[in-house]
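First the structure, in the form of C-alpha cells, and then the observations on it.
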Amino acid sequence: MAAEQSKGLARAREVYLDRSRRAKELRAEGKKVVGYLCIYPVLEMVTALDLMPYRLFGDMREPITEADSYLPTVVCPFLRSCLDLGLKDRYDFLDGIITCHICDVGASLGGLWDYAVQTPFSHHLDTPHTLHETSLKQEKAMVVGLKEALEGFAGRTISAPALRNAITLHNQQRALVREMYDLRKPDPPLISGVETVRVIKAIQSLPVQEGNQLLREVISEARERRDGPRKKSARLLLWGSILDDTALVEMIESLDANVVMDDTCVGSRGFFSDVELTEDPLDGLARYYLTEIRCPRTFRSRDYMEARKDYMKDLESRFSYLHDYARDWNAGGVILESVRYCDTHGYEVPGVEDYLDSVGLPRTYLEHDYTEGALAPLRTRVQGFLEIIG
Amino acid sequence: MIRIYFAGIDLGSTMTKIVILDEEGQVLASVISHTGAEHRRLANRVMEEALGKAGLGIKEITFVLATGYGRINVPFADQQITELTCHARGVASFFPNVRLAIDIGGQDAKGLKIRNGRLLDFVMSDKCAAGTGRFLEVIADALGLKVEDLGEISMRSTRKVTVSSTCTVFAQQEVVNHLSAGVALEDVVAGLHDAIASRVARMVRRLKVELDVVFTGGVAKNIGVVKALEEHLGCAVLVPEEPLFSGAIGAALIGKERVMQALDRGEVLPTRERRLEEATFFG
Amino acid sequence: MTQQTRPRALNRLKSMYALRAEVDKMYEGGGGSEEERKPVAWVMLEGWANPILNAMGIRTVYPENYSSVCAAQGLATPFMERADAEGWPSHLCGYARTCVGYSSRMVELGGEIPPEAPAGGMARPILLVGSGEVCDARFKWFQSLGRFFDAPVWTIESPSPSLRERLQEDAYERNVQFLVDELKAFVAFLEKLMGKKMDWDQLEHTGGGTTEINRLRWEINELRKARPGPMHTRDFWSAMSAALYRGAADPEGITQGHRLMYDEVKERVDRGIAGINRPEKYRLSFEGLPPWHSLGFLEQLADRGWNFVIESAYRPGRPVSIDLSKYDDPMERYVRRRYRSLDESLEEDYGPEEAEIIRKEILRDGTSRRLGLRHIREYQVDGVVLHILLSCRAASSGLNLLQQRMLDTLKVPALVIEGDIIDTSLFNPAEALRKAEAFEETMDHYRQVRKELGMPW
C-alpha cells in the first residue's frame with residue numbers, strides 16, 4: 001500500500017483505473033471475493049458473511065477475441081466483453097460468482113461462465129420478471145436459496161444480527177450516494193457526470209465500508225472544491241443501459257452540457273431506495289431487490305389487476321420518477337442511450353419517449369456499440385440535440 | 001460607412017464549401033473544393049479564394065461560423081455548430097415551408113425535421129457507406145462511369161432491376177452479375193438509385209414525411225435519385241439550385257443572426273484572430 | 001435430360017395438410033360466426049394461458065405465428081419498416097417488429113384489419129398476454145404495444161430455475177404452488193375483465209383436451225426414429241402449429257387429425273417409406289427456429305438426399321402419467337397435469353443409471369454435457385444444421401456451445417447458417433446451398449470417426 005493513500009475523487013479515479021487492485025490485496029490477506037453481475041444479486045448477503053462483493057464489468061477498450069466460441073456477435077457487447085475477460089483469466093481472483101436473470105443473454109451467461117471460466121463457486125438467481133404477489137414470494141425463495149448457497153460456500157451461517165448489520169451498511173451507502181447526487185443539483189454541479197461514473201464504479205469494486213468512506217471523502221471534498229465543473233448551457237438527464245466506462249459521458253460533457261442526473265445501473269439505479277429492515281430481514285431484501293430497482297428488465301404497470309388500461313396513466317406510473325429527477329436536478333433535456341442489441345432497453349424506448357413528450361421534456365436516443373470508436377459520430381448527434389434545446 | 005460581412009464554412013468529409021454574405025443576406029461569394037486530407041490548410045486556401053471573389057480581406061469579415069465534419073479544424077472560425085442546425089437554416093432560406101430536409105453527402109445521410117426554419121429533430125446514418133454518396137461512387141468507379149453521368153443514364157431505364165444487398169461491397173457484386181446476365185446498364189443504374197433511395201426513405205420516415213420535402217447534398221444533383229426518392233416517399237421532392245451550399249449558407253445566416261442579436265443587446269461576440277496562416281510545409 | 005419429371009424431393013404427409021388448414025381458421029374466423037363474435041386476446045405461445053382463456057370464452061390469436069405467416073408470404077417487410085418508422089430499434093425480434101408495424105397500421109385504419117394483411121389478419125385485441133419465459137421480447141413487446149392499444153397486458157410469470165435448483169428437494173412442490181397461485185391471480189383478473197366467473201369444468205375440458213394431442217405427438221416422434229425417417233421436419237413444423245395454437249380451442253378436431261397422422265406415419269414405417277422421395281443419404285436435425293420465409297430451401301437439400309428426421313424446437317414432452325384424483329383444486333390439477341419434475345424426466349428419458357450421472361454433473365457443474373444431445377443419439381443423426389437468428393438472442397446464444405458439445409461428445413458436426421425468422425434480407429439460401437456440398441464431406445468424415453470409435457451409428 002502507498003505511504004500516502006489518496007482520498008476522495010483522486011482515489012475514486014485510481015480505483016476506477018485499476019479496479020481489481022483492492023480485491024486482490026484483500027484476497028492475499030485471506031478474504032474471499034464474490035463477483036456479481038448486474039445490481040439484482042443480494043449484496044447484503046455477501047457482506048454479512050464477511051465476503052467482498054465485486055461487480056462484474058467488461059472493458060470497452062479491450063477487443064473481444066475469446067468470447068466468440070460461446071456467444072455469437074449479435075448479442076450485447078457488454079456481456080460478451082464480461083465473458084471475454086473471464087476467459088482471459090482477468091477474473092481469476094474471484095472465489096465465487098452470482099449471476100441472475102437480467103436478460104436473455106445474461107441468463108445464459110451463468111451457464112457459460114460455469115462451463116468455460118469455472119469460478120469455484122457459482123449461483124444463479126432466477127429473479128422473476130413481474131411484480132405479482134406470487135413473484136414476490138418467489139423472489140423470497142430466491143433470496144433464501146442464495147443465502148443457503150453462500151453459507152455452504154463460506155462454511156458458516158449468516159446470523160440475523162450480521163444480516164441486519166450488512167443491510168444497515170448497504171443502506172448507508174445508498175444514503176451517501178444520494179447525498180453525493182444532491183451535489184449535482186447546484187448550477188454548475190459540484191461533481192460531474194464523469195466523476196460520478198468513476199465513483200460508482202469504484203464503490204462497486206470495494207468492500208462496502210471502504211466504499212462508504214470513499215463516498216464521505218468525495219462529498220466533503222466536493223463541497224469545498226473550487227475546481228469543479230464549469231457552468232454550461234445545458235443540464236442533462238441520462239437514461240439507459242449499462243455505462244461502465246466514462247467515455248460516453250466524457251464526450252457529452254466535452255460539449256456545452258453537464259450531465260447532472262442519471263437513471264442507469266452504474267449510477268442511481270442501485271441507490272435511490274433503501275432496504276426496509278423487516279422482522280425477517282429476508283422479506284425486506286426480497287421486496288427491495290424485486291421491486292425497487294427501476295430497470296426495464298422488470299415488467300411494471302400501474303396495476304397488474306386492472307381491467308381498464310390507460311396508456312398515458314400507465315406511462316406515468318412507470319416513468320414519473322424521471323420527471324421528478326429532471327425537476328429536482330433542473331435538467332432541460334434527456335439523453336436516452338442503450339448499447340446495441342439490448343432488447344430490454346430497446347423495447348422500453350418508445351414508451352419512455354412517449355412519456356417524455358407528454359411532459360414536454362426534449363429527448364434524443366443514442367445507440368452505441370460499446371467501443372470507443374463508436375463515440376465520434378455520436379458527438380454530432382449530441383451537439384445537434386443541444387442546439388435544438390439551446 | 002461600415003459594412004459587415006459574414007462567412008459560413010461547411011467542411012464536409014468530401015467537399016469544403018464557403019459562402020460570404022453581406023448584412024442583407026446577399027451572397028457575395030460561394031466557393032467549393034475537394035476537402036482532401038489536410039482540412040486546416042485547405043480551409044485557409046478556400047477562404048482566400050472566397051475572399052478574392054468577394055473583394056474583401058479577412059479582417060473585414062465580422063463573424064465566421066464553421067460547420068460540417070471538420071468544423072473543429074477551422075482555426076479562424078469564431079464558433080462551430082453542427083451541420084444539422086446549419087442545413088436546416090440554409091434549406092429554409094430557399095424553401096421557407098420546408099418540413100423535412102434530406103441530405104445525402106459523401107459519407108453520411110441525414111433527415112431533418114424543420115418547422116418555421118427551426119430544427120426540431122433529426123436522424124442520421126453514418127455507420128456504413130450504403131445510403132450515402134460513397135455507395136454510388138464505389139459502384140460508378142467499378143463500372144468505369146463518372147458519378148455525374150449516373151442520373152442521365154438512369155433516365156433511359158425502362159425496367160429497373162432490384163439491388164437487394166444492404167452492403168456496398170455485395171451490391172457491387174450484384175451489379176456485376178446483372179450486367180453479365182445481359183441487363184441493360186441504365187436498368188442497373190436505376191436499380192442502384194432505387195436502393196439508395198429506399199434506404200434513405202426508411203431512415204427519414206422516423207421523422208414523419210410532411211411537405212415541403214427538400215433534398216440537398218451532392219447526391220441531390222442526381223436526377224435519378226431524386227425521382228426514386230419521390231417514388232419511395234410518395235410525394236414531390238424539391239431540390240435547390242445549388243444543393244451543396246445549404247450548410248455553408250445556413251452557417252453564415254446563423255452567424256449573421258447571432259451578431260445582430262448581440263448588437264441589439266449592446267454586446268459584441270468574441271472572435272478569433274483574423275489571420276490566415278500561410279500554407280507552408282511546417283504550418 | 002430425362003423425359004419424366006422427378007417427383008418433388010419432399011414426401012409430404014397427407015394428414016399434415018388437414019392439420020395445417022386448422023391454423024388458418026384462427027385468422028379467417030373460419031370457426032364460424034360464433035367464434036368471430038368472441039373477444040380476442042393476443043397471446044404468446046406458452047403452456048399456461050391458452051386453455052384458461054379458451055375456457056373463459058376468449059378467442060386466442062398468436063402474433064408470433066402470424067408474423068411467420070406474413071414472412072412466409074413475403075409480406076413482413078412493410079410492417080417491419082413501419083416499426084422502424086415508429087421508432088422501435090431495428091435489432092429487435094422480427095416477430096415483434098412485424099406485430100408492431102401491424103398494430104400501427106391497424107390504428108391508422110381506425111382499428112380495422114389492414115386490407116393487405118394476409119390470412120385475414122388479426123382482430124383487434126381486448127387483452128395482451130405476455131410470457132415471462134423463454135425470452136425478454138415475450139413480455140416487453142406486448143408492453144410496448146401500449147402506444148397502439150389500451151388493452152391491458154398480463155405477463156404470465158412462470159419459474160425458469162436453473163437445473164441445479166430444479167434438483168433441490170422442495171423445488172418442484174414450490175414451483176407447482178407458484179404456478180397455481182399465479183394462474184389463480186390470472187383467473188381473478190380475467191373474471192374482472194369479462195365480468196363473469198371461470199367455468200372450471202370447461203377448464204378441465206380445454207386443459208385436459210391437449211393431453212391426448214401431446215401423447216400422439218410424442219408417439220409420432222417415437223416412430224420417426226425409424227430408418228429411413230418417415231416424417232420430414234417440414235411436416236413437423238406445419239403440424240406443430242395446429243397442435244400448439246389450436247389444440248385447446250378444438251381438442252377433438254386436432255386430436256383426430258393427429259390420430260390420422262399417427263396412422264399414416266406408422267404405415268410408412270411398416271413399408272419403409274421415407275419423408276423424402278430420394279434415397280436417405282444423410283439423417284439430419286434442424287436446431288433453432290425455422291426460417292419461415294425460406295422453407296423451400298429444405299426442398300433443395302432433400303434433393304441431395306438430406307432427410308431432416310428430427311428438430312430441436314417445439315418438441316413434445318414425454319407424456320406424464322399422473323394420478324390427479326387426489327387433488328381437489330381444479331387449478332392444481334391443471335398445473336400438475338403439465339408441469340414435470342426434473343428428477344422424473346431424467347429417470348424416464350435416460351434410465352436410472354445415466355440419470356444418476358447427469359444429476360451428479362448438474363450438481364457439480366450446473367449443467368450436464370449429456371443434455372440437449374439425446375435426440376441426436378436416438379435419431380442417429382449424421383449432421384446438424386444450426387440456424388443462428390440475427391434478431392433472436394434467446395435462440396442463438398446457446399448454439400455455439402451446442403456445436404462444440406455435439407462434436408466433442410457425439411462426433412456429430414454442425415453446419416451453421418445465419419439468417420432470421422422474419423427479415424429475409426439476412427438469409428442467403430444460395431450461400432447455404434454452397435456450403436452443403438462441403439458439409440457432406442464433413443458428415444462422411446465423422447461417420448467414419450464414429451465407426452472407428454465403435455459408436456452405434
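Chains: A, B, ... in order of the C-alpha cells. Residues: from 1 per chain. Ligands: from 1, in order shown.
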
What lies within 10 Å of C:Gly130 using only C-alpha atoms, ignoring chain neighbours under 5 positions off, as a PDB file with C-alpha atoms, in the first residue's frame?
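The resulting file, part32.pdb, is shown below:
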```pdb
ATOM      1  CA  TRP C  42     -53.235 -11.728 -28.456  1.00  0.00           C
ATOM      2  CA  VAL C  43     -51.166 -14.356 -26.710  1.00  0.00           C
ATOM      3  CA  MET C  44     -47.589 -15.555 -26.650  1.00  0.00           C
ATOM      4  CA  LEU C  45     -47.004 -19.219 -27.249  1.00  0.00           C
ATOM      5  CA  GLU C  46     -46.548 -20.747 -23.837  1.00  0.00           C
ATOM      6  CA  ALA C  49     -52.658 -19.204 -20.699  1.00  0.00           C
ATOM      7  CA  ASP C 136     -37.398 -11.000 -22.981  1.00  0.00           C
ATOM      8  CA  ALA C 137     -39.281  -9.990 -26.106  1.00  0.00           C
ATOM      9  CA  ARG C 138     -42.216 -12.032 -24.960  1.00  0.00           C
ATOM     10  CA  PHE C 139     -43.069  -9.685 -22.143  1.00  0.00           C
ATOM     11  CA  LYS C 140     -41.543  -6.413 -23.316  1.00  0.00           C
ATOM     12  CA  TRP C 141     -43.009  -6.411 -26.823  1.00  0.00           C
ATOM     13  CA  PHE C 142     -46.639  -6.515 -25.751  1.00  0.00           C
ATOM     14  CA  GLN C 143     -45.919  -3.841 -23.161  1.00  0.00           C
ATOM     15  CA  VAL C 153     -51.217  -6.535 -20.609  1.00  0.00           C
ATOM     16  CA  TRP C 154     -50.825  -9.538 -18.356  1.00  0.00           C
ATOM     17  CA  THR C 155     -47.459 -11.288 -18.154  1.00  0.00           C
ATOM     18  CA  ILE C 156     -47.695 -14.938 -17.149  1.00  0.00           C
ATOM     19  CA  GLU C 157     -44.863 -15.406 -14.761  1.00  0.00           C
TER      20      GLU C 157
END
```

Note to self: DSSP on the backbone, helix (DSSP H, G or I) only: what residues of stretch 202-443 of chain C does that give? Format it as a PyMOL selection string.
What the structure shows: chain C and resi 202-223+233-246+251-271+292-294+296-302+330-338+342-365+374-378+393-396+399-410+424-426+429-443

Margin query: Please return, as a list in words, all residues of stretch 167-271 of chain A that DSSP assigns to strand (DSSP E or B) on the basis of the backbone.
Written below: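 The residues of stretch 167-271 of chain A classed as strand (DSSP E or B) are Ala234, Arg235, Leu236, Leu237, Leu238, Trp239, Gly240, Ala257, Asn258, Val259, Val260, Met261, Asp262 and Asp263 of chain A.
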
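Considering the residues C:Arg82, C:Arg59, C:Arg105, C:Lys14 and counting only C-alpha atoms, chain B has its shortest atom-to-atom contact with C:Arg82.
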
Using only C-alpha atoms, tabulate the residues of chain A lying at most 9 Å from any atom of chain B, each with its closest atom pair and that distance in Å to one decimal, by chain and increasing residue number, as JSON lines.
```
{"residue": "A:Thr364", "atom": "CA", "partner": "B:Asp121", "partner_atom": "CA", "distance": 8.4}
{"residue": "A:Ala374", "atom": "CA", "partner": "B:Lys127", "partner_atom": "CA", "distance": 8.8}
{"residue": "A:Pro377", "atom": "CA", "partner": "B:Asp126", "partner_atom": "CA", "distance": 7.2}
{"residue": "A:Thr380", "atom": "CA", "partner": "B:Thr82", "partner_atom": "CA", "distance": 6.2}
{"residue": "A:Arg381", "atom": "CA", "partner": "B:Met124", "partner_atom": "CA", "distance": 7.9}
{"residue": "A:Gln383", "atom": "CA", "partner": "B:Thr82", "partner_atom": "CA", "distance": 6.6}
{"residue": "A:Gly384", "atom": "CA", "partner": "B:Thr82", "partner_atom": "CA", "distance": 5.7}
{"residue": "A:Phe385", "atom": "CA", "partner": "B:Asp121", "partner_atom": "CA", "distance": 7.8}
{"residue": "A:Glu387", "atom": "CA", "partner": "B:Thr85", "partner_atom": "CA", "distance": 7.0}
{"residue": "A:Ile388", "atom": "CA", "partner": "B:Leu119", "partner_atom": "CA", "distance": 6.2}
{"residue": "A:Ile389", "atom": "CA", "partner": "B:Leu120", "partner_atom": "CA", "distance": 8.7}
```

Check: What is the atom CA of A:Glu250-atom CA of A:Val75 distance in Å, reported with one decimal?
Finding: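 These two atoms are separated by 25.4 Å.
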
Check: Which residues, written as a PyMOL selection string, have at least one atom at most 7 Å from stretch 189-204 of chain B, with only C-alpha atoms counted and residues fewer than 6 positions away on the same chain left out?
Finding: (chain B and resi 111+123+130-131+150+154+157+160-163+224-225+228-229+232-233) or (chain C and resi 81)

File of the preceding selection, C-alpha atoms, as a compact mmCIF listing (two decimals), in the first residue's frame:
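Output saved as again-v7.txt:
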```
# COMPACT_ATOMS: atom_id res chain seq x y z
CA GLY B 111 -33.04 13.65 -42.22
CA VAL B 123 -31.97 11.17 -37.87
CA ALA B 130 -24.69 2.19 -48.31
CA GLY B 131 -27.19 5.03 -48.49
CA LEU B 150 -25.34 8.35 -63.49
CA SER B 154 -30.76 6.05 -65.37
CA SER B 157 -34.24 2.97 -67.96
CA LYS B 160 -35.06 -1.08 -63.30
CA VAL B 161 -33.66 -4.11 -61.52
CA THR B 162 -33.62 -4.68 -57.80
CA VAL B 163 -30.35 -4.35 -56.00
CA GLY B 224 -32.33 9.55 -60.94
CA VAL B 225 -32.05 9.51 -57.16
CA ALA B 228 -36.50 7.37 -56.86
CA LEU B 229 -36.85 9.28 -53.63
CA HIS B 232 -40.45 5.93 -52.18
CA LEU B 233 -41.76 8.86 -50.20
CA GLU C 81 -40.30 -0.87 -41.86
```

Check: Given a cut-off of 8 Å, which residues of chain B touch chain C, counting only C-alpha atoms, written out as JSON, numbers by chain?
Finding: {"B": [164, 165, 166, 202, 203, 204, 205, 206, 207, 208]}

Using 6 Å as the limit and counting only C-alpha atoms, can you tabulate each residue of chain C that touches chain A, with its shortest atom-to-atom distance in Å and the two atoms involved, as CSV?
```
residue,atom,partner,partner_atom,distance
C:Cys135,CA,A:Asp104,CA,5.8
C:Lys140,CA,A:Tyr347,CA,6.0
C:Gly146,CA,A:Tyr311,CA,5.7
C:Asp150,CA,A:Lys309,CA,5.4
C:Pro152,CA,A:Lys309,CA,5.3
C:Pro161,CA,A:Asp126,CA,5.7
C:Glu182,CA,A:Thr134,CA,5.8
C:Phe189,CA,A:Met305,CA,5.5
C:Leu193,CA,A:Ala307,CA,5.0
C:Ala394,CA,A:Asp104,CA,5.5
C:Ser397,CA,A:Leu71,CA,5.6
C:Asn400,CA,A:Tyr70,CA,5.3
C:Leu401,CA,A:Tyr70,CA,5.5
```

Item checked: B:Leu269 environment, 9 Å, only C-alpha atoms, sequence neighbours closer than 3 positions dropped, as a ChimeraX atom specification -> /B:63,78,258-259,262-263

Once you have the residues from the selection above, write them out as a PDB file, in the first residue's frame, restricted to C-alpha atoms.
```
ATOM      1  CA  PHE B  63     -18.067  36.715 -37.982  1.00  0.00           C
ATOM      2  CA  ASP B  78     -15.385  32.092 -34.237  1.00  0.00           C
ATOM      3  CA  ARG B 258     -26.142  35.887 -33.676  1.00  0.00           C
ATOM      4  CA  VAL B 259     -24.163  39.024 -34.369  1.00  0.00           C
ATOM      5  CA  ALA B 262     -25.811  40.561 -29.798  1.00  0.00           C
ATOM      6  CA  LEU B 263     -25.757  44.092 -31.215  1.00  0.00           C
TER       7      LEU B 263
END
```

Identify, on the basis of only C-alpha atoms, every residue whose closest approach to C:Gly208 does not exceed 9 Å; exclude the query and any residue fewer than 3 positions from it along the same chain; express the result as a compact mmCIF listing (two decimals) with C-alpha atoms, in the first residue's frame.
```
# COMPACT_ATOMS: atom_id res chain seq x y z
CA PRO C 51 -56.67 -23.21 -22.28
CA LEU C 203 -61.11 -25.61 -17.99
CA GLU C 204 -60.96 -29.30 -17.25
CA HIS C 205 -62.05 -29.82 -20.84
CA THR C 211 -53.14 -34.31 -23.12
CA GLU C 212 -54.14 -36.77 -25.80
CA ALA C 248 -57.00 -26.01 -26.65
CA PRO C 251 -59.21 -30.56 -28.82
CA TYR C 334 -54.38 -28.12 -14.30
CA ARG C 337 -51.01 -32.20 -15.49
```

Margin query: Need the shell around stretch 241-244 of chain C: protein/DNA/RNA residues with any atom at most 12 Å away, counting only C-alpha atoms. Skip same-chain ones fewer than 3 positions apart. Format as a PyMOL selection string?
Written below: chain C and resi 15-26+43-51+60-62+64-66+68-69+209-218+234-238+247-258+313-316

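A straight line drawn from atom CA of A:Met60 to atom CA of A:Leu17 is 12.6 Å long.
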
Check: Hey, what's within 9 Å of C:Lys197 if we count only C-alpha atoms and toss same-chain stuff fewer than 4 positions away? As number ranges by chain, please?
Finding: C: 56, 187-188, 190-192

Check: At what distance in Å, to one decimal, does atom CA of A:Pro362 lie from atom CA of C:Ala151?
Finding: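 Between atom CA of C:Ala151 and atom CA of A:Pro362 the gap is 27.9 Å.
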
Check: Which is closest to C:Gly366 among A:Tyr355, A:Trp113, A:Tyr325, A:Phe153, if we use only C-alpha atoms?
Finding: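 Among the listed residues, A:Trp113 lies closest to C:Gly366.
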
Check: Between A:Arg13, A:Arg230, A:Arg216, A:His323, which one has atoms that come closest to A:Asp263, using only C-alpha atoms?
Finding: A:His323
